[in-house]
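This report refers to the structure that appears directly beneath it.
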Amino acid sequence: MKLLRVGPEGAERPGVLVTEDGFVDVSDLVSDFDEAFFGSDGIARIAPVVEERRREGRITPIAGHRIGAPIARPHQIICVGLNYSDHARETGQAVPEEPILFTKSPNTLVGPHDDVRLPRGATKADWEVELGIVIGARASYLESPAAARDHIAGWVLVNDVSERAFQMERGGQWLKGKSAETFNPAGPWLVTPDEVDDVTALDMWLDVNGVRRQTGSTATMIFDPYVIVHYISQFLVLEPGDLINTGTPPGVGMGFSPQIWLREGDVMTLGIDGLGTQRQTVIGPR
């Protein structure tokens with residue numbers, strides 16, 4: 001199943017993609033794809049109704065609708081740094097022995113094609129195509145990575161936009177460079193695990209202004225998604241609907257020589273096999 005949310009910002013309606021360009025509206029069944037939905041086995045609950053409506057042809061074209069993030073604002077967005085061996089090499093940093101964790105403000109979450117706004121004072125804005133994990137059931141002190149499978153609602157494409165000067169040169173924690181408004185485009189849909197044969201073998205890419213900058217695969221992850229969920233659960237409670245950004249492959253602007261930074265008017269396009277594509281235009285500060 002592919003979950004999506006369509007409509008104006010702040011008034012998105014939940015739906016399920018059933019054709020390449022059409023969805024079934026489920027807003028009469030659930031208020032949103034949020035903690036209550038995921039925590040009550042919502043995906044299984046709506047599945048038979050979605051199939052019935054698909055057979056009846058109750059399909060709405062996506063064309064003309066804004067696509068929002070596929071989940072409502074989560075309690076938390078947790079990120080994993082330096083989680084690709086080839087990305088660690090390009091930054092000149094050692095491969096971590098344990099996952100590097102940091103947080104990102106939940107209000108960074110926007111739709112996959114929404115504009116990305118530079119914060120005031122930004123000089124080193126960067127891009128990061130990433131696999132996102134959406135938590136489907138409360139997770140605390142999981143016994144093993146295998147146990148994490150039952151706590152994952154699905155996978156989502158994300159762009160972990162960063163401001164490197166804020167992140168690396170201003171002291172303190174990384175979240176300062178990660179939490180500007182619009183810095184977490186997500187979607188276009190949440191893809192349930194049964195739709196993906198092997199989440200550790202997905203090709204991923206990102207272009208800036210039509211030039212390929214990132215080419216990678218989840219195969220070079222240091223810590224796979226199940227290890228990540230198990231690991232995080234040893235330190236904090238993961239709630240249904242929480243989002244985890246799992247790291248990026250090589251090709252970020254910081255890794256080039258000379259370095260390349262996003263500027264107003266730049267266009268980012270990105271994708272992961274089976275999870276869809278995104279397109280964002282960079283705009284100036286408020």
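Chain labels run A, B, ... following the order of the structure tokens; each chain numbers its residues from 1, and ligands are numbered from 1 in the order shown.
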Tell me which protein, DNA and RNA residues are within 9 Å of range 111-118 of chain A, counting only C-alpha atoms, leaving out same-chain ones fewer than 5 positions away, and put them as a compact mmCIF listing (two decimals) with C-alpha atoms, in the first residue's frame.
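Wrote it out as part_30.txt, contents follow:
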# COMPACT_ATOMS: atom_id res chain seq x y z
CA ARG A 5 -1.98 13.08 1.75
CA GLU A 9 -0.94 22.88 3.49
CA ARG A 66 -0.91 19.39 -4.05
CA ILE A 67 0.77 16.37 -2.46
CA GLY A 68 1.68 16.89 1.18
CA ALA A 69 4.00 14.88 3.39
CA PRO A 70 2.52 11.37 3.64
CA ALA A 125 22.84 25.09 2.36
CA LEU A 157 11.78 9.29 0.48
CA VAL A 158 13.13 12.35 2.33
CA ASN A 159 15.48 15.24 1.60
CA VAL A 161 18.23 19.64 3.83
CA GLU A 163 22.75 24.46 6.53
CA ALA A 180 14.98 25.51 9.47
CA GLU A 181 11.41 25.61 8.15
CA THR A 182 10.88 23.40 5.04
CA PHE A 183 14.13 21.47 5.66
CA ASN A 184 12.47 18.01 5.54
CA PRO A 185 10.52 17.38 2.32
CA ALA A 186 8.96 13.91 2.54
CA GLY A 187 6.99 11.71 0.18
CA PRO A 188 5.29 11.56 -2.22
CA TRP A 189 3.97 8.52 -0.37
CA LEU A 262 22.37 25.73 -2.71
CA ARG A 263 21.33 29.16 -3.89
CA GLU A 264 17.98 30.83 -4.43
CA THR A 277 10.47 11.21 -6.71
CA GLN A 278 10.56 14.78 -5.41
CA ARG A 279 11.19 18.23 -6.86
CA GLN A 280 11.88 21.38 -4.84
CA THR A 281 12.77 24.93 -5.78
CA VAL A 282 15.02 26.85 -3.38
CA ILE A 283 13.61 30.22 -2.35
CA GLY A 284 14.99 33.07 -0.27
CA PRO A 285 14.52 33.84 3.42
CA ARG A 286 11.37 35.31 4.90
Range 131-144 of chain A surroundings by only C-alpha atoms, 9 Å radius, close-in-sequence under 4 positions cut, as a ChimeraX atom specification: /A:35,37-41,71,148,150-159,186,190,204,218,225-227,229-248,272,275
Pick the closest to Gly15 in chain A from A:Ala165, A:Val208, A:Val49, A:Leu270: which is it, counting only C-alpha atoms?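 Of the candidates, the smallest distance to Gly15 in chain A is held by A:Val49.
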Determine the nearest neighbour of Lys2 in chain A from the options A:Thr19, A:Gln76, A:Ser27, A:Ser217, counting only C-alpha atoms.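 When distances to Lys2 in chain A are compared using only C-alpha atoms, the smallest one comes from A:Thr19.
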Check the DSSP output for the backbone and give back, as a VMD selection string, the residues of range 7-196 of chain A in alpha helix (DSSP H). chain A and resid 35 to 39 42 to 55 85 to 91 145 to 148 164 to 168
Pull N, CA and C atoms from the residues just selected and write them as a compact mmCIF listing (two decimals), in the first residue's frame.
# COMPACT_ATOMS: atom_id res chain seq x y z
N GLU A 35 -0.39 9.50 14.75
CA GLU A 35 -0.14 8.53 15.81
C GLU A 35 -1.34 7.62 16.05
N ALA A 36 -2.53 8.21 16.09
CA ALA A 36 -3.73 7.41 16.35
C ALA A 36 -3.95 6.38 15.25
N PHE A 37 -3.72 6.78 14.01
CA PHE A 37 -3.92 5.85 12.89
C PHE A 37 -2.93 4.70 12.95
N PHE A 38 -1.65 5.01 13.03
CA PHE A 38 -0.65 3.94 13.02
C PHE A 38 -0.72 3.10 14.29
N GLY A 39 -1.04 3.73 15.40
CA GLY A 39 -1.08 3.01 16.67
C GLY A 39 -2.28 2.10 16.83
N GLY A 42 -4.02 0.93 11.71
CA GLY A 42 -4.85 1.59 10.71
C GLY A 42 -4.66 1.07 9.30
N ILE A 43 -3.43 0.71 8.94
CA ILE A 43 -3.18 0.24 7.58
C ILE A 43 -4.00 -1.01 7.28
N ALA A 44 -3.96 -1.98 8.19
CA ALA A 44 -4.74 -3.20 7.99
C ALA A 44 -6.24 -2.90 8.00
N ARG A 45 -6.64 -1.94 8.80
CA ARG A 45 -8.07 -1.63 8.96
C ARG A 45 -8.67 -1.06 7.68
N ILE A 46 -7.92 -0.20 6.98
CA ILE A 46 -8.48 0.43 5.79
C ILE A 46 -8.27 -0.39 4.52
N ALA A 47 -7.41 -1.39 4.56
CA ALA A 47 -7.06 -2.15 3.36
C ALA A 47 -8.27 -2.71 2.62
N PRO A 48 -9.21 -3.41 3.28
CA PRO A 48 -10.33 -3.96 2.52
C PRO A 48 -11.24 -2.90 1.91
N VAL A 49 -11.39 -1.77 2.58
CA VAL A 49 -12.22 -0.69 2.04
C VAL A 49 -11.56 -0.07 0.82
N VAL A 50 -10.24 0.12 0.88
CA VAL A 50 -9.51 0.66 -0.25
C VAL A 50 -9.66 -0.26 -1.46
N GLU A 51 -9.53 -1.55 -1.25
CA GLU A 51 -9.66 -2.50 -2.36
C GLU A 51 -11.07 -2.46 -2.94
N GLU A 52 -12.06 -2.39 -2.09
CA GLU A 52 -13.45 -2.31 -2.58
C GLU A 52 -13.67 -1.05 -3.41
N ARG A 53 -13.18 0.07 -2.94
CA ARG A 53 -13.35 1.32 -3.68
C ARG A 53 -12.56 1.31 -4.99
N ARG A 54 -11.41 0.66 -4.97
CA ARG A 54 -10.64 0.55 -6.22
C ARG A 54 -11.42 -0.25 -7.25
N ARG A 55 -12.00 -1.36 -6.84
CA ARG A 55 -12.78 -2.19 -7.77
C ARG A 55 -13.99 -1.44 -8.30
N SER A 85 29.00 4.24 4.30
CA SER A 85 30.46 4.14 4.34
C SER A 85 31.11 5.04 3.31
N ASP A 86 30.52 5.15 2.11
CA ASP A 86 31.12 5.98 1.07
C ASP A 86 30.92 7.47 1.37
N HIS A 87 29.86 7.83 2.06
CA HIS A 87 29.67 9.23 2.46
C HIS A 87 30.65 9.61 3.57
N ALA A 88 30.88 8.69 4.51
CA ALA A 88 31.86 8.97 5.57
C ALA A 88 33.23 9.25 4.96
N ARG A 89 33.59 8.48 3.94
CA ARG A 89 34.89 8.68 3.29
C ARG A 89 34.98 10.05 2.63
N GLU A 90 33.89 10.47 1.95
CA GLU A 90 33.96 11.75 1.23
C GLU A 90 34.07 12.93 2.19
N THR A 91 33.57 12.77 3.43
CA THR A 91 33.67 13.86 4.40
C THR A 91 34.96 13.78 5.22
N PRO A 145 17.26 -6.46 16.41
CA PRO A 145 16.89 -5.83 15.14
C PRO A 145 15.74 -6.54 14.44
N ALA A 146 15.67 -7.85 14.55
CA ALA A 146 14.57 -8.58 13.92
C ALA A 146 13.22 -8.15 14.49
N ALA A 147 13.19 -7.85 15.78
CA ALA A 147 11.94 -7.42 16.41
C ALA A 147 11.48 -6.07 15.88
N ALA A 148 12.41 -5.28 15.33
CA ALA A 148 12.05 -3.96 14.81
C ALA A 148 11.10 -4.04 13.63
N ARG A 164 25.13 23.92 6.49
CA ARG A 164 26.37 23.41 7.09
C ARG A 164 27.07 24.41 7.98
N ALA A 165 26.98 25.70 7.66
CA ALA A 165 27.62 26.68 8.54
C ALA A 165 26.96 26.67 9.92
N PHE A 166 25.63 26.61 9.95
CA PHE A 166 24.92 26.52 11.23
C PHE A 166 25.27 25.21 11.93
N GLN A 167 25.37 24.14 11.15
CA GLN A 167 25.59 22.80 11.71
C GLN A 167 27.00 22.61 12.25
N MET A 168 28.01 23.07 11.49
CA MET A 168 29.40 22.70 11.78
C MET A 168 30.24 23.83 12.37
Determine, counting only C-alpha atoms, which protein, DNA and RNA residues have an atom within 12 Å of an atom of Ile260 in chain A; residues of the same chain fewer than 2 positions away are not included. Present the result as a PyMOL selection string. chain A and resi 123-127+164+208+213+251-258+262-263+266
Please produce a file of the residues just selected, as a PDB file, in the first residue's frame, where the atoms kept are N, CA and C atoms.
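Now in part09.pdb:
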ATOM      1  N   THR A 123      24.612  30.390   4.339  1.00  0.00           N
ATOM      2  CA  THR A 123      25.699  30.505   3.357  1.00  0.00           C
ATOM      3  C   THR A 123      26.120  29.154   2.795  1.00  0.00           C
ATOM      4  N   LYS A 124      25.726  28.062   3.473  1.00  0.00           N
ATOM      5  CA  LYS A 124      26.195  26.738   3.055  1.00  0.00           C
ATOM      6  C   LYS A 124      25.058  25.722   3.117  1.00  0.00           C
ATOM      7  N   ALA A 125      23.983  26.012   2.392  1.00  0.00           N
ATOM      8  CA  ALA A 125      22.842  25.094   2.363  1.00  0.00           C
ATOM      9  C   ALA A 125      23.164  23.893   1.487  1.00  0.00           C
ATOM     10  N   ASP A 126      22.752  22.715   1.934  1.00  0.00           N
ATOM     11  CA  ASP A 126      23.161  21.462   1.299  1.00  0.00           C
ATOM     12  C   ASP A 126      21.955  20.531   1.167  1.00  0.00           C
ATOM     13  N   TRP A 127      22.126  19.494   0.377  1.00  0.00           N
ATOM     14  CA  TRP A 127      21.076  18.519   0.093  1.00  0.00           C
ATOM     15  C   TRP A 127      21.489  17.148   0.610  1.00  0.00           C
ATOM     16  N   ARG A 164      25.131  23.919   6.491  1.00  0.00           N
ATOM     17  CA  ARG A 164      26.367  23.408   7.085  1.00  0.00           C
ATOM     18  C   ARG A 164      27.072  24.415   7.982  1.00  0.00           C
ATOM     19  N   VAL A 208      20.857  18.504  -8.919  1.00  0.00           N
ATOM     20  CA  VAL A 208      20.665  19.934  -8.675  1.00  0.00           C
ATOM     21  C   VAL A 208      20.768  20.638 -10.017  1.00  0.00           C
ATOM     22  N   ARG A 213      24.223  14.848  -8.735  1.00  0.00           N
ATOM     23  CA  ARG A 213      25.136  15.104  -7.624  1.00  0.00           C
ATOM     24  C   ARG A 213      25.289  13.887  -6.717  1.00  0.00           C
ATOM     25  N   GLY A 251      28.051  12.562  -2.369  1.00  0.00           N
ATOM     26  CA  GLY A 251      27.623  13.526  -3.366  1.00  0.00           C
ATOM     27  C   GLY A 251      26.970  14.767  -2.801  1.00  0.00           C
ATOM     28  N   VAL A 252      27.051  14.948  -1.478  1.00  0.00           N
ATOM     29  CA  VAL A 252      26.515  16.182  -0.898  1.00  0.00           C
ATOM     30  C   VAL A 252      27.431  17.345  -1.264  1.00  0.00           C
ATOM     31  N   GLY A 253      26.870  18.546  -1.202  1.00  0.00           N
ATOM     32  CA  GLY A 253      27.645  19.724  -1.602  1.00  0.00           C
ATOM     33  C   GLY A 253      28.913  19.904  -0.810  1.00  0.00           C
ATOM     34  N   MET A 254      28.853  19.541   0.477  1.00  0.00           N
ATOM     35  CA  MET A 254      30.009  19.667   1.360  1.00  0.00           C
ATOM     36  C   MET A 254      31.164  18.786   0.909  1.00  0.00           C
ATOM     37  N   GLY A 255      30.860  17.710   0.162  1.00  0.00           N
ATOM     38  CA  GLY A 255      31.894  16.759  -0.211  1.00  0.00           C
ATOM     39  C   GLY A 255      32.640  17.095  -1.484  1.00  0.00           C
ATOM     40  N   PHE A 256      32.189  18.120  -2.226  1.00  0.00           N
ATOM     41  CA  PHE A 256      32.855  18.494  -3.466  1.00  0.00           C
ATOM     42  C   PHE A 256      34.051  19.406  -3.190  1.00  0.00           C
ATOM     43  N   SER A 257      34.947  19.463  -4.138  1.00  0.00           N
ATOM     44  CA  SER A 257      36.089  20.380  -4.064  1.00  0.00           C
ATOM     45  C   SER A 257      36.203  21.121  -5.403  1.00  0.00           C
ATOM     46  N   PRO A 258      35.864  22.422  -5.457  1.00  0.00           N
ATOM     47  CA  PRO A 258      35.364  23.226  -4.338  1.00  0.00           C
ATOM     48  C   PRO A 258      33.940  22.815  -3.947  1.00  0.00           C
ATOM     49  N   LEU A 262      23.632  25.338  -2.096  1.00  0.00           N
ATOM     50  CA  LEU A 262      22.374  25.731  -2.714  1.00  0.00           C
ATOM     51  C   LEU A 262      22.200  27.242  -2.694  1.00  0.00           C
ATOM     52  N   ARG A 263      21.615  27.741  -3.766  1.00  0.00           N
ATOM     53  CA  ARG A 263      21.328  29.160  -3.886  1.00  0.00           C
ATOM     54  C   ARG A 263      19.865  29.351  -4.294  1.00  0.00           C
ATOM     55  N   ASP A 266      17.738  27.514  -7.281  1.00  0.00           N
ATOM     56  CA  ASP A 266      18.162  26.144  -7.594  1.00  0.00           C
ATOM     57  C   ASP A 266      16.966  25.194  -7.505  1.00  0.00           C
TER      58      ASP A 266
END
Quick one: distance from CA of Trp174 in chain A to CA of Asp160 in chain A in Å, one decimal?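 Taking CA of Trp174 in chain A as the start and CA of Asp160 in chain A as the end point, the length is 12.3 Å.
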Among range 148-235 of chain A, which ones does DSSP place in strand (DSSP E or B), written as a list in words?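 Residues of range 148-235 of chain A classed as strand (DSSP E or B): Ile152, Ala153, Gly154, Trp155, Val156, Leu157, Val158, Asn159, Ser162, Glu163, Asn184, Pro185, Ala186, Leu190, Val191, Asp203, Met204, Trp205, Leu206, Asp207, Val208, Val211, Arg212, Arg213, Gln214, Thr215, Gly216, Ser217 and Met221 of chain A.
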For the residues in the current selection, export C-alpha atoms as a CSV table (one decimal), in the first residue's frame.
chain,number,residue,atom,x,y,z
A,152,ILE,CA,7.8,-0.2,11.1
A,153,ALA,CA,4.8,1.2,9.2
A,154,GLY,CA,6.8,1.8,6.0
A,155,TRP,CA,9.4,3.6,4.0
A,156,VAL,CA,9.5,7.2,2.6
A,157,LEU,CA,11.8,9.3,0.5
A,158,VAL,CA,13.1,12.4,2.3
A,159,ASN,CA,15.5,15.2,1.6
A,162,SER,CA,21.0,21.1,5.9
A,163,GLU,CA,22.7,24.5,6.5
A,184,ASN,CA,12.5,18.0,5.5
A,185,PRO,CA,10.5,17.4,2.3
A,186,ALA,CA,9.0,13.9,2.5
A,190,LEU,CA,4.6,6.1,2.5
A,191,VAL,CA,5.3,2.7,1.0
A,203,ASP,CA,19.2,2.8,-5.7
A,204,MET,CA,18.9,6.5,-4.8
A,205,TRP,CA,19.9,9.7,-6.6
A,206,LEU,CA,19.7,13.5,-6.4
A,207,ASP,CA,20.2,16.2,-9.1
A,208,VAL,CA,20.7,19.9,-8.7
A,211,VAL,CA,23.2,17.8,-12.8
A,212,ARG,CA,23.6,14.5,-11.0
A,213,ARG,CA,25.1,15.1,-7.6
A,214,GLN,CA,24.3,12.0,-5.6
A,215,THR,CA,24.2,8.4,-6.8
A,216,GLY,CA,24.1,5.7,-4.2
A,217,SER,CA,22.4,2.7,-2.8
A,221,MET,CA,24.4,1.7,4.8
What is the CA of Asp224 in chain A-CA of Gln93 in chain A distance in Å, reported with one decimal?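 Here the two named atoms are 19.3 Å from each other.
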